[in-house]
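Engineer: First, the structure itself, so that you have it in front of you.
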Amino acid sequence: MNKEIIVSGIRPTGNLHLGNYLGAVTNFVKMQYEHNCFFFIADYHSLTTHPNPKDLHNNVRQVLVEYLACGLNPEACALYIQSDLPQIPELYMMLNMHAYMGELERVASFKDKVRNQPNNVNAGLLTYPVLMAADIIIHKASKVPVGKDQEQHLEMARTFGNRFNRIYEKEIFPEPFAFNYGKELVKIPGLQGGGKMSKSDGDGNVINLIDSPELIRKKLSRAVTDTGPNEMNTKPSDAVQNLFDLMKIVSGEDKLLHYQNLYSNCAIRYGDFKKDLAEDMVSFLTPIREKIAEIDANHQLLKQVVQIGKEKASESANKTLKECREAIGFKPF
Ligand code: TYM
């Protein structure tokens, strides 16, 4: 098999949730043994929300612990913290010189931020896709395991890489594409009936990998449903469909079919359905939660992992940056 260069990252905003796990990390775990992989904790990216220093460090540590608990192997991949690589902001600065206001203002995630947090529309938010492009192309990645929500950012990474190649007349960057093992990119739904599972819609919308069994039961008991099917209407609402989708993942096809049949026959009782889903969710997440607790106690391991990751990722980033500096005309005397 042809080895691809793969890059992906997650912003440290607290604990990983089921969406991060199924949309991204499960793919990382498989890919690390098949390709040349770089996985990182995107702490520069989280500065757009102005975290306090203590929270930032704790969140970075938490993602590192959870990456390892999910099965990332620091010997099989380069596992590093973004801010350990000053080469990334240098490339980001170079790319910014050829990134235009108009194209950045049109990015959907930027428009969402302008709408949802009008008091903090900073330049870092506007240029977020440029930093993300730098993360990816600094290692010359061709594949990027991400969930569906990141598709537009990937398109921009291709735009900025191609533009740099064209302007400086060098073939430095290949085109990176979103990638997972399925036919389509994954979108894990939230519990509140809306779109994707996301922390920005509150903790009640997400199932975190470290949530206790009691908390998982509580969140699922409060998950949004509807008034139920009747003879006139046997198409599930979006909220109920979301719960079916989650059931397919954590309980399997047979149980899903059972509840879908009950639904079609107008015999479903949402209370029982949600209880059953909660128990399967607990079984699905318990091994990961236990592993998180084990790794969390091993500070020495974390220190070593971060050091090895920094060395591996720096080696690759230095090579690319040298080519970029020369292409631009920064030459040693
Ligand atoms: P972030 O931190 O919001 O999410 C991390 C990863 O989890 C995926 N994800 C989901 N997938 C399916 N369903 C969901 N409900 C769901 N919620 C989150 C995201 O698609 C993502 O893959 N900008 C990125 C982080 C980043 C990055 C990069 C990713 C920075 N630089 C370079 C790849 C390559 C972000 O904010 O993801």
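Every chain in the structure tokens takes a letter, A first, then B, and so on in the order presented; its residues are numbered from 1, and the ligands are numbered from 1 following the presented order.
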At a cut-off of 7 Å and counting only C-alpha atoms and all ligand atoms, what residues surround ligand 1? Please answer as a VMD selection string.
Structural biologist: chain A and resid 7 to 12 19 to 24 42 45 132 to 133 135 to 136 144 to 150 186 to 190 196 to 198
Engineer: Give me, as a tab-separated table, each residue of range 189-263 of chain A that comes within 12 Å of range 54-68 of chain A, together with its shortest interatomic pair and the distance in Å at one decimal, counting only C-alpha atoms, with rows ordered by chain and rising residue number.
Structural biologist:
```
residue	atom	partner	partner_atom	distance
A:Asn208	CA	A:Glu66	CA	10.7
A:Leu209	CA	A:Glu66	CA	8.2
A:Ile210	CA	A:Glu66	CA	8.9
```
Engineer: Please produce a file of the residues just selected, as a PDB file, in the first residue's frame, where the atoms kept are N, CA, C and O atoms.
Structural biologist:
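As written to disk, again06.pdb reads:
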```
ATOM      1  N   ASN A 208     -19.552  13.267  26.575  1.00  0.00           N
ATOM      2  CA  ASN A 208     -18.085  13.291  26.646  1.00  0.00           C
ATOM      3  C   ASN A 208     -17.552  11.891  26.925  1.00  0.00           C
ATOM      4  O   ASN A 208     -18.236  11.081  27.581  1.00  0.00           O
ATOM      5  N   LEU A 209     -16.312  11.640  26.476  1.00  0.00           N
ATOM      6  CA  LEU A 209     -15.730  10.307  26.716  1.00  0.00           C
ATOM      7  C   LEU A 209     -15.593  10.026  28.206  1.00  0.00           C
ATOM      8  O   LEU A 209     -15.624   8.872  28.619  1.00  0.00           O
ATOM      9  N   ILE A 210     -15.438  11.075  29.015  1.00  0.00           N
ATOM     10  CA  ILE A 210     -15.265  10.827  30.464  1.00  0.00           C
ATOM     11  C   ILE A 210     -16.563  10.940  31.259  1.00  0.00           C
ATOM     12  O   ILE A 210     -16.542  10.854  32.477  1.00  0.00           O
TER      13      ILE A 210
END
```
Engineer: Could you work out how far CA of His35 in chain A lies from CA of Ile5 in chain A, giving the answer in Å with one decimal?
Structural biologist: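 For CA of Ile5 in chain A relative to CA of His35 in chain A, the distance reads 6.4 Å.
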Engineer: I want to know what sits within 12 Å of Gln304 in chain A, based on only C-alpha atoms, with residues of the same chain fewer than 5 positions away left out; could you give that as a VMD selection string?
Structural biologist: chain A and resid 64 74 to 75 79 to 80 298 to 299 309 to 311
Engineer: Could you give me, as a count of residues only, each residue of range 186-217 of chain A that DSSP assigns to helix (DSSP H, G or I) when run on this structure's backbone?
Structural biologist: 11
Engineer: Fewer than 3 positions away in the same chain doesn't count, so skip those; otherwise give me all residues within 8 Å of range 83-86 of chain A, counting only C-alpha atoms, as a list of chain:residue names.
Structural biologist: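 Skipping anything fewer than 3 positions along the chain leaves A:Ala42, A:Asp43, A:Tyr44, A:Tyr80, A:Pro89, A:Glu90, A:Lys310, A:Ala313, A:Ser314, A:Ala317.
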Engineer: Might you pull out every residue within 10 Å of Phe160 in chain A, with only C-alpha atoms counted and same-chain residues fewer than 6 positions away left off, and present them as a count of residues only?
Structural biologist: 13
Engineer: Which residue gives the smallest distance to Ala69 in chain A among A:Lys140, A:Arg289, A:Lys113, A:Lys275, with only C-alpha atoms counted?
Structural biologist: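 For Ala69 in chain A, the nearest of the candidates is A:Arg289.
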Engineer: Applying 10 Å and only C-alpha atoms, which residues near Thr286 in chain A remain after dropping the ones on its own chain fewer than 2 positions away? List them as a list in words.
Structural biologist: Leu209, Ile210, Asp211, Ser212, Pro213, Asp280, Met281, Val282, Ser283, Phe284, Ile288, Arg289, Glu290, Lys291 and Ile292 of chain A
Engineer: Could those selected residues go to a file with C-alpha atoms, as a PDB file, in the first residue's frame?
Structural biologist:
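Output file again_12.pdb is given in full below:
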```
ATOM      1  CA  LEU A 209     -15.730  10.307  26.716  1.00  0.00           C
ATOM      2  CA  ILE A 210     -15.265  10.827  30.464  1.00  0.00           C
ATOM      3  CA  ASP A 211     -18.941  11.241  31.378  1.00  0.00           C
ATOM      4  CA  SER A 212     -19.904   8.924  34.243  1.00  0.00           C
ATOM      5  CA  PRO A 213     -22.631   6.292  33.685  1.00  0.00           C
ATOM      6  CA  ASP A 280     -25.381   0.688  25.472  1.00  0.00           C
ATOM      7  CA  MET A 281     -23.685   4.086  25.499  1.00  0.00           C
ATOM      8  CA  VAL A 282     -22.330   3.348  28.983  1.00  0.00           C
ATOM      9  CA  SER A 283     -20.958  -0.038  27.837  1.00  0.00           C
ATOM     10  CA  PHE A 284     -19.460   1.572  24.726  1.00  0.00           C
ATOM     11  CA  ILE A 288     -12.246   4.339  27.326  1.00  0.00           C
ATOM     12  CA  ARG A 289     -13.183   6.117  30.553  1.00  0.00           C
ATOM     13  CA  GLU A 290     -11.191   3.591  32.592  1.00  0.00           C
ATOM     14  CA  LYS A 291      -8.176   3.947  30.332  1.00  0.00           C
ATOM     15  CA  ILE A 292      -8.348   7.759  30.634  1.00  0.00           C
TER      16      ILE A 292
END
```
Engineer: Restricting the calculation to only C-alpha atoms, which member of A:Leu18, A:Ala141, A:Ile41, A:Ala267 is positioned closest to Phe179 in chain A?
Structural biologist: A:Ala141
Engineer: May I ask which of the residues A:His139, A:Gly182, A:Lys235, A:Asn73 is the closest one to Gly161 in chain A, counting only C-alpha atoms?
Structural biologist: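 Among the listed residues, the smallest separation from Gly161 in chain A belongs to A:His139.
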Engineer: Write down as a PyMOL selection string the residues belonging to range 76-225 of chain A that are assigned strand (DSSP E) by DSSP computed on the backbone.
Structural biologist: chain A and resi 78-81+143-144+177-178
Engineer: I'd like to know which of A:Phe273, A:Phe330, A:Tyr181, A:Phe244 is closest to Arg217 in chain A, using only C-alpha atoms.
Structural biologist: A:Phe273
Engineer: From the list A:Gly252, A:Leu191, A:Lys274, A:Asp203, which residue is nearest Asp238 in chain A when using only C-alpha atoms?
Structural biologist: A:Leu191
Engineer: Find the distance between CA of Cys324 in chain A and CA of Pro176 in chain A and write it in Å to one decimal.
Structural biologist: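 Between CA of Cys324 in chain A and CA of Pro176 in chain A the gap works out to 17.5 Å.
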